[in-house]
Number of protein chains: 2
Amino acid sequence: MVEELYLNINPLQTGGRTPADTRKAIFSWVDGYAVCDACKGSLRTTDKPPIRQFIEDVSAFLGMDNALLTNGAREAKEAVIHSLVSRDDWMVTDGNAHYSTLVAAERNGVPVIRTETSGHPTYEVTPAMFEEAIEEGTRAHGRPPALAVVTHVDGNYGNVVDAKAIASVCHDHGVPVLLNAAYSAGRMPVSGHELGVDFIACSAHKSWAIGGGNAGLLAVNEEYRDRIIRFSKEYPVKPIEILGCSTRGSEVVALISSFPYVTERVKHWDREVAHARSVVSRLMDAGGFSLLGTSPKEHDIIALETPAYDEIASHHKKRGYFLAKELKSRGIVGIKPGRTKHFKFSTFGFTDEQVDYIVESFLEIKDKYM
Amino acid sequence: MVEELYLNINPLQTGGRTPADTRKAIFSWVDGYAVCDACKGSLRTTDKPPIRQFIEDVSAFLGMDNALLTNGAREAKEAVIHSLVSRDDWMVTDGNAHYSTLVAAERNGVPVIRTETSGHPTYEVTPAMFEEAIEEGTRAHGRPPALAVVTHVDGNYGNVVDAKAIASVCHDHGVPVLLNAAYSAGRMPVSGHELGVDFIACSAHKSWAIGGGNAGLLAVNEEYRDRIIRFSKEYPVKPIEILGCSTRGSEVVALISSFPYVTERVKHWDREVAHARSVVSRLMDAGGFSLLGTSPKEHDIIALETPAYDEIASHHKKRGYFLAKELKSRGIVGIKPGRTKHFKFSTFGFTDEQVDYIVESFLEIKDKYM
């Protein structure tokens, strides 16, 4: 596959880049339901491979009390919505929520009220905005929301919200808090206990350095454990929300295999933030670029407005496609071809040299035509 | 992984054994959300890799009109139940239904009535049994079931039901039919059009020669397409039942890569049936074994009662564990260790020589101790 020879700066890919040992593990466990050979009746209690231990370790790593393996972050969110929120209830989420939060609510027939954001160019979501949405919705619906889904880091701007303060606002109104940590947990340190959240939805695929299939995690605090991790009446080892077993292939083995790598890499989050800040600072200094999202950067996802490239596109014979082509000729992929007004990318996991090279390539392409 | 050196006869593994080219495809597409690089907004309309085309091809292969990629067969079943059946309704399924059919109904708060089976030793499910369950349930609930889930081939005995006749009975009562083809489609020829079913749930992981994560397929006929494949109001490219995108990793690539192999292998289903019949015939002739499930075999899953092994276990110092140990010393794994009264296995995909070797090993172990 051609992408193997390139630096892929698509934010969907950088946190899921899979270390060599995990690739080998996937390769070995790829047949059928390979993890089921030593099944004791339930994915979560399997000891060979050590899934039971992994669930304990990952709960502790996230500062939570228990966890379910899920097919992805969206399925984790849907499990909480399905467990806690009825059609007569409503829920609140932020104005930067991922579409899958809204679709998960829609599947359950649950109305959603979204907070404001600060709008262009920072798109910030504050605790006060959550407070306002909860109070406004409570007046409209006659009762507080049954759930708040808080996007810890949104995928468009890489803004990191003050989850602790938002959770505190929600709890003051008696609202349980689900943290959508698809772009945080597995990349940066996340402690549910410190943030005071009730649930954490993780995208293993996106941010836990695994491939080999879709996988997610739903971490749950003790207070809500029995409402989320409830078991079938007739099959009492089978958790209802994940239909018994969710992510039941080689990706569980991949998760276990990548976990030491993930726990180590989150310790170096400051380096990732430094990389993003250095990229932004150099591009802003050069002119022709402006930052979308809050500043200074607190995350590896960088969204830019790029009037410099848009100007080039207006008289380049390849139009907007020149940028993706120029990047590709420099060994860089992951920007949507044709897009030059604004785009996003991620520097997660790249070395100092690779980050330098990415910035220099952006600048060189600009200088070549201007 | 040690299992790579063995013949694994666990029915969960044999249909998911992954060809070399597919392993390579998984290896190349294993990072992050690798299939999303050329996304046009929805998994089902992606052309690079050719997912749109694959969905068309697979719908045709299954004799159906449309399809959704799902995380597995259980999620496919849950999607149909969620779309068609309300808590005030009820549904019918067979007495050999997989637990996940029942848990999927339970997640939706839907009462289920199960048909009888013929019981020990054949455990047959007939069209008349479906008729009886539908009529009995209709009297009890005051209306016919909103859905029938028919287990095409059950995982315990490998019985193949007369799906066409059962579908006809269900339709006579106005009941749509979901065929749980987890152990049939991908192994043997299955045509929804010929069988007259409305939905087919497939386990890609179990029976479509892929690994690399969990994956399934839900094929839907034209009549029900808009009730199952309905889209988000706010995000009109995102199918609600799969929360936008379901099985979104390397396993889609694996599915596409394995598909020519799968379409070819189902043409040789008669060979698989012949293998199973020859195994049963040789074991029955030897004595000390008896068949569970209907006879003659129509499927590769073979369930046996094994009084011969149980007799050995009663005076062997390793008790029931002797059998798994003896098999492993002969390079065969996949029987639950400790089990000697009865067990199931599958000869799917093995060569004539391997099938012979498996039978000879079973007989040799018996003769060694008796």
# chains A, B, ... in the order shown; residues from 1 in each chain; ligands from 1

call {"tool": "interface_residues", "arguments": {"of": "chain A", "to": "chain B", "cutoff": "7 Å", "atoms": "only C-alpha atoms", "output": "JSON, numbers by chain"}}
result
{"A": [1, 12, 13, 14, 15, 16, 17, 18, 23, 26, 27, 28, 30, 31, 32, 33, 34, 37, 100, 103, 104, 107, 205, 206, 210, 211, 212, 213, 214, 232, 240, 241, 243, 244, 247, 248, 249, 250, 251, 334]}

call {"tool": "select_by_dssp", "arguments": {"residues": "region 130-318 of chain A", "states": "strand (DSSP E or B)", "output": "PDB file with N, CA, C and O atoms, in the first residue's frame"}}
result
ATOM      1  N   LEU A 147     -28.343  13.130  30.508  1.00  0.00           N
ATOM      2  CA  LEU A 147     -26.932  12.841  30.227  1.00  0.00           C
ATOM      3  C   LEU A 147     -26.295  14.043  29.544  1.00  0.00           C
ATOM      4  O   LEU A 147     -26.947  14.721  28.749  1.00  0.00           O
ATOM      5  N   ALA A 148     -25.015  14.276  29.883  1.00  0.00           N
ATOM      6  CA  ALA A 148     -24.205  15.235  29.121  1.00  0.00           C
ATOM      7  C   ALA A 148     -23.089  14.466  28.438  1.00  0.00           C
ATOM      8  O   ALA A 148     -22.393  13.674  29.089  1.00  0.00           O
ATOM      9  N   VAL A 149     -22.950  14.655  27.137  1.00  0.00           N
ATOM     10  CA  VAL A 149     -21.808  14.078  26.423  1.00  0.00           C
ATOM     11  C   VAL A 149     -20.848  15.215  26.098  1.00  0.00           C
ATOM     12  O   VAL A 149     -21.205  16.151  25.373  1.00  0.00           O
ATOM     13  N   VAL A 150     -19.663  15.133  26.663  1.00  0.00           N
ATOM     14  CA  VAL A 150     -18.687  16.208  26.544  1.00  0.00           C
ATOM     15  C   VAL A 150     -17.550  15.750  25.635  1.00  0.00           C
ATOM     16  O   VAL A 150     -16.869  14.770  25.937  1.00  0.00           O
ATOM     17  N   THR A 151     -17.361  16.449  24.539  1.00  0.00           N
ATOM     18  CA  THR A 151     -16.261  16.123  23.633  1.00  0.00           C
ATOM     19  C   THR A 151     -14.965  16.667  24.232  1.00  0.00           C
ATOM     20  O   THR A 151     -14.773  17.878  24.280  1.00  0.00           O
ATOM     21  N   VAL A 153     -11.769  16.378  23.291  1.00  0.00           N
ATOM     22  CA  VAL A 153     -11.010  17.057  22.232  1.00  0.00           C
ATOM     23  C   VAL A 153     -11.787  16.860  20.938  1.00  0.00           C
ATOM     24  O   VAL A 153     -12.061  15.722  20.557  1.00  0.00           O
ATOM     25  N   VAL A 160      -9.017  21.421  23.430  1.00  0.00           N
ATOM     26  CA  VAL A 160      -9.177  20.613  24.636  1.00  0.00           C
ATOM     27  C   VAL A 160     -10.074  21.390  25.591  1.00  0.00           C
ATOM     28  O   VAL A 160      -9.722  22.500  25.999  1.00  0.00           O
ATOM     29  N   VAL A 177     -22.037  12.579  33.416  1.00  0.00           N
ATOM     30  CA  VAL A 177     -21.175  13.090  32.344  1.00  0.00           C
ATOM     31  C   VAL A 177     -20.415  11.961  31.650  1.00  0.00           C
ATOM     32  O   VAL A 177     -19.673  11.203  32.287  1.00  0.00           O
ATOM     33  N   LEU A 178     -20.628  11.881  30.348  1.00  0.00           N
ATOM     34  CA  LEU A 178     -19.875  10.962  29.488  1.00  0.00           C
ATOM     35  C   LEU A 178     -18.832  11.778  28.735  1.00  0.00           C
ATOM     36  O   LEU A 178     -19.187  12.700  27.992  1.00  0.00           O
ATOM     37  N   LEU A 179     -17.572  11.443  28.937  1.00  0.00           N
ATOM     38  CA  LEU A 179     -16.498  12.133  28.234  1.00  0.00           C
ATOM     39  C   LEU A 179     -16.186  11.381  26.949  1.00  0.00           C
ATOM     40  O   LEU A 179     -15.822  10.199  26.988  1.00  0.00           O
ATOM     41  N   ASN A 180     -16.368  12.045  25.811  1.00  0.00           N
ATOM     42  CA  ASN A 180     -15.956  11.446  24.547  1.00  0.00           C
ATOM     43  C   ASN A 180     -14.469  11.717  24.372  1.00  0.00           C
ATOM     44  O   ASN A 180     -14.052  12.805  23.981  1.00  0.00           O
ATOM     45  N   ALA A 185      -7.920  10.107  25.245  1.00  0.00           N
ATOM     46  CA  ALA A 185      -7.409   8.896  25.905  1.00  0.00           C
ATOM     47  C   ALA A 185      -6.624   8.045  24.916  1.00  0.00           C
ATOM     48  O   ALA A 185      -7.091   7.777  23.818  1.00  0.00           O
ATOM     49  N   MET A 188      -3.099  11.341  25.307  1.00  0.00           N
ATOM     50  CA  MET A 188      -2.687  12.209  26.399  1.00  0.00           C
ATOM     51  C   MET A 188      -3.201  11.624  27.714  1.00  0.00           C
ATOM     52  O   MET A 188      -4.098  10.783  27.707  1.00  0.00           O
ATOM     53  N   PHE A 199     -18.349   8.504  32.820  1.00  0.00           N
ATOM     54  CA  PHE A 199     -18.068   7.540  31.760  1.00  0.00           C
ATOM     55  C   PHE A 199     -17.005   8.135  30.840  1.00  0.00           C
ATOM     56  O   PHE A 199     -16.987   9.352  30.630  1.00  0.00           O
ATOM     57  N   ILE A 200     -16.183   7.254  30.280  1.00  0.00           N
ATOM     58  CA  ILE A 200     -15.227   7.694  29.259  1.00  0.00           C
ATOM     59  C   ILE A 200     -15.364   6.774  28.054  1.00  0.00           C
ATOM     60  O   ILE A 200     -15.268   5.550  28.189  1.00  0.00           O
ATOM     61  N   ALA A 201     -15.628   7.350  26.896  1.00  0.00           N
ATOM     62  CA  ALA A 201     -15.674   6.586  25.647  1.00  0.00           C
ATOM     63  C   ALA A 201     -14.360   6.783  24.914  1.00  0.00           C
ATOM     64  O   ALA A 201     -13.935   7.918  24.676  1.00  0.00           O
ATOM     65  N   CYS A 202     -13.711   5.671  24.570  1.00  0.00           N
ATOM     66  CA  CYS A 202     -12.406   5.735  23.899  1.00  0.00           C
ATOM     67  C   CYS A 202     -12.497   5.099  22.515  1.00  0.00           C
ATOM     68  O   CYS A 202     -13.202   4.114  22.333  1.00  0.00           O
ATOM     69  N   SER A 203     -11.748   5.644  21.589  1.00  0.00           N
ATOM     70  CA  SER A 203     -11.612   5.046  20.274  1.00  0.00           C
ATOM     71  C   SER A 203     -10.262   4.361  20.192  1.00  0.00           C
ATOM     72  O   SER A 203      -9.241   5.008  19.980  1.00  0.00           O
ATOM     73  N   GLY A 216     -13.189  -0.178  20.676  1.00  0.00           N
ATOM     74  CA  GLY A 216     -13.320   0.959  21.566  1.00  0.00           C
ATOM     75  C   GLY A 216     -13.387   0.485  22.989  1.00  0.00           C
ATOM     76  O   GLY A 216     -13.356  -0.723  23.273  1.00  0.00           O
ATOM     77  N   LEU A 217     -13.476   1.442  23.887  1.00  0.00           N
ATOM     78  CA  LEU A 217     -13.557   1.132  25.309  1.00  0.00           C
ATOM     79  C   LEU A 217     -14.568   2.075  25.936  1.00  0.00           C
ATOM     80  O   LEU A 217     -14.602   3.262  25.601  1.00  0.00           O
ATOM     81  N   LEU A 218     -15.352   1.533  26.832  1.00  0.00           N
ATOM     82  CA  LEU A 218     -16.235   2.367  27.643  1.00  0.00           C
ATOM     83  C   LEU A 218     -15.855   2.142  29.097  1.00  0.00           C
ATOM     84  O   LEU A 218     -16.045   1.043  29.627  1.00  0.00           O
ATOM     85  N   ALA A 219     -15.278   3.168  29.711  1.00  0.00           N
ATOM     86  CA  ALA A 219     -14.945   3.072  31.133  1.00  0.00           C
ATOM     87  C   ALA A 219     -16.088   3.681  31.930  1.00  0.00           C
ATOM     88  O   ALA A 219     -16.697   4.672  31.519  1.00  0.00           O
ATOM     89  N   VAL A 220     -16.373   3.066  33.068  1.00  0.00           N
ATOM     90  CA  VAL A 220     -17.572   3.398  33.837  1.00  0.00           C
ATOM     91  C   VAL A 220     -17.178   3.535  35.306  1.00  0.00           C
ATOM     92  O   VAL A 220     -16.395   2.727  35.808  1.00  0.00           O
ATOM     93  N   PHE A 231     -26.426  -7.514  32.794  1.00  0.00           N
ATOM     94  CA  PHE A 231     -26.278  -8.789  32.101  1.00  0.00           C
ATOM     95  C   PHE A 231     -27.630  -9.353  31.690  1.00  0.00           C
ATOM     96  O   PHE A 231     -28.664  -9.038  32.274  1.00  0.00           O
ATOM     97  N   PRO A 239     -22.980  -9.323  28.813  1.00  0.00           N
ATOM     98  CA  PRO A 239     -23.439  -7.934  28.980  1.00  0.00           C
ATOM     99  C   PRO A 239     -24.370  -7.534  27.827  1.00  0.00           C
ATOM    100  O   PRO A 239     -24.031  -7.709  26.656  1.00  0.00           O
ATOM    101  N   SER A 290      -3.574  31.109   9.091  1.00  0.00           N
ATOM    102  CA  SER A 290      -4.060  31.501  10.413  1.00  0.00           C
ATOM    103  C   SER A 290      -4.671  30.307  11.104  1.00  0.00           C
ATOM    104  O   SER A 290      -5.154  29.362  10.454  1.00  0.00           O
ATOM    105  N   LEU A 291      -4.624  30.326  12.419  1.00  0.00           N
ATOM    106  CA  LEU A 291      -5.035  29.168  13.214  1.00  0.00           C
ATOM    107  C   LEU A 291      -6.537  29.176  13.445  1.00  0.00           C
ATOM    108  O   LEU A 291      -7.125  30.206  13.758  1.00  0.00           O
ATOM    109  N   LEU A 292      -7.143  28.007  13.293  1.00  0.00           N
ATOM    110  CA  LEU A 292      -8.512  27.783  13.765  1.00  0.00           C
ATOM    111  C   LEU A 292      -8.422  27.032  15.085  1.00  0.00           C
ATOM    112  O   LEU A 292      -7.568  26.169  15.259  1.00  0.00           O
ATOM    113  N   ILE A 301      -3.883  17.987  16.998  1.00  0.00           N
ATOM    114  CA  ILE A 301      -4.667  18.326  15.800  1.00  0.00           C
ATOM    115  C   ILE A 301      -4.568  19.822  15.549  1.00  0.00           C
ATOM    116  O   ILE A 301      -4.864  20.633  16.425  1.00  0.00           O
ATOM    117  N   ILE A 302      -4.158  20.178  14.359  1.00  0.00           N
ATOM    118  CA  ILE A 302      -3.959  21.583  13.981  1.00  0.00           C
ATOM    119  C   ILE A 302      -4.879  21.896  12.807  1.00  0.00           C
ATOM    120  O   ILE A 302      -4.813  21.232  11.769  1.00  0.00           O
ATOM    121  N   ALA A 303      -5.747  22.883  12.993  1.00  0.00           N
ATOM    122  CA  ALA A 303      -6.616  23.327  11.894  1.00  0.00           C
ATOM    123  C   ALA A 303      -6.161  24.710  11.460  1.00  0.00           C
ATOM    124  O   ALA A 303      -5.905  25.586  12.286  1.00  0.00           O
ATOM    125  N   LEU A 304      -6.042  24.868  10.165  1.00  0.00           N
ATOM    126  CA  LEU A 304      -5.526  26.130   9.629  1.00  0.00           C
ATOM    127  C   LEU A 304      -6.460  26.707   8.586  1.00  0.00           C
ATOM    128  O   LEU A 304      -7.080  25.961   7.814  1.00  0.00           O
ATOM    129  N   GLU A 305      -6.548  28.015   8.545  1.00  0.00           N
ATOM    130  CA  GLU A 305      -7.013  28.684   7.337  1.00  0.00           C
ATOM    131  C   GLU A 305      -5.757  29.023   6.547  1.00  0.00           C
ATOM    132  O   GLU A 305      -4.749  29.467   7.121  1.00  0.00           O
TER     133      GLU A 305
END

call {"tool": "closest_residue", "arguments": {"among": "A:Arg271, A:Arg230, A:His316, A:Arg187", "to": "Lys368 (chain A)", "atoms": "only C-alpha atoms"}}
result
A:His316

call {"tool": "closest_residue", "arguments": {"among": "A:Ile312, A:Val190, A:Ile332, A:Ala165", "to": "Ala60 (chain A)", "atoms": "only C-alpha atoms"}}
result
A:Val190

call {"tool": "decode", "arguments": {"residues": "region 284-304 of chain A", "atoms": "N, CA and C atoms", "output": "short mmCIF file (atom, residue, chain, number, x, y, z; two decimals), in the first residue's frame"}}
result
data_model
loop_
_atom_site.label_atom_id
_atom_site.label_comp_id
_atom_site.auth_asym_id
_atom_site.auth_seq_id
_atom_site.Cartn_x
_atom_site.Cartn_y
_atom_site.Cartn_z
N MET A 284 2.64 30.68 11.42
CA MET A 284 2.08 32.03 11.64
C MET A 284 3.15 33.09 11.33
N ASP A 285 4.36 32.81 11.75
CA ASP A 285 5.45 33.76 11.48
C ASP A 285 5.65 33.98 9.98
N ALA A 286 5.43 32.91 9.20
CA ALA A 286 5.67 33.01 7.76
C ALA A 286 4.59 33.81 7.04
N GLY A 287 3.41 33.89 7.65
CA GLY A 287 2.30 34.63 7.01
C GLY A 287 1.56 33.78 6.00
N GLY A 288 0.31 34.14 5.74
CA GLY A 288 -0.50 33.38 4.78
C GLY A 288 -1.26 32.22 5.41
N PHE A 289 -1.07 32.04 6.71
CA PHE A 289 -1.78 30.98 7.44
C PHE A 289 -2.41 31.61 8.68
N SER A 290 -3.57 31.11 9.09
CA SER A 290 -4.06 31.50 10.41
C SER A 290 -4.67 30.31 11.10
N LEU A 291 -4.62 30.33 12.42
CA LEU A 291 -5.04 29.17 13.21
C LEU A 291 -6.54 29.18 13.44
N LEU A 292 -7.14 28.01 13.29
CA LEU A 292 -8.51 27.78 13.77
C LEU A 292 -8.42 27.03 15.08
N GLY A 293 -9.33 27.37 16.01
CA GLY A 293 -9.27 26.72 17.33
C GLY A 293 -8.53 27.58 18.32
N THR A 294 -8.54 27.11 19.56
CA THR A 294 -7.98 27.91 20.65
C THR A 294 -6.45 27.92 20.61
N SER A 295 -5.90 28.95 21.18
CA SER A 295 -4.44 29.13 21.20
C SER A 295 -4.04 29.48 22.63
N PRO A 296 -2.89 29.01 23.14
CA PRO A 296 -1.93 28.13 22.45
C PRO A 296 -2.46 26.70 22.30
N LYS A 297 -1.90 25.98 21.32
CA LYS A 297 -2.29 24.60 21.09
C LYS A 297 -2.08 23.75 22.35
N GLU A 298 -3.07 22.91 22.62
CA GLU A 298 -2.96 21.94 23.71
C GLU A 298 -3.08 20.52 23.19
N HIS A 299 -3.06 20.38 21.86
CA HIS A 299 -3.31 19.06 21.25
C HIS A 299 -2.63 19.00 19.89
N ASP A 300 -2.46 17.79 19.39
CA ASP A 300 -1.73 17.58 18.14
C ASP A 300 -2.54 17.90 16.88
N ILE A 301 -3.88 17.99 17.00
CA ILE A 301 -4.67 18.33 15.80
C ILE A 301 -4.57 19.82 15.55
N ILE A 302 -4.16 20.18 14.36
CA ILE A 302 -3.96 21.58 13.98
C ILE A 302 -4.88 21.90 12.81
N ALA A 303 -5.75 22.88 12.99
CA ALA A 303 -6.62 23.33 11.89
C ALA A 303 -6.16 24.71 11.46
N LEU A 304 -6.04 24.87 10.17
CA LEU A 304 -5.53 26.13 9.63
C LEU A 304 -6.46 26.71 8.59
#
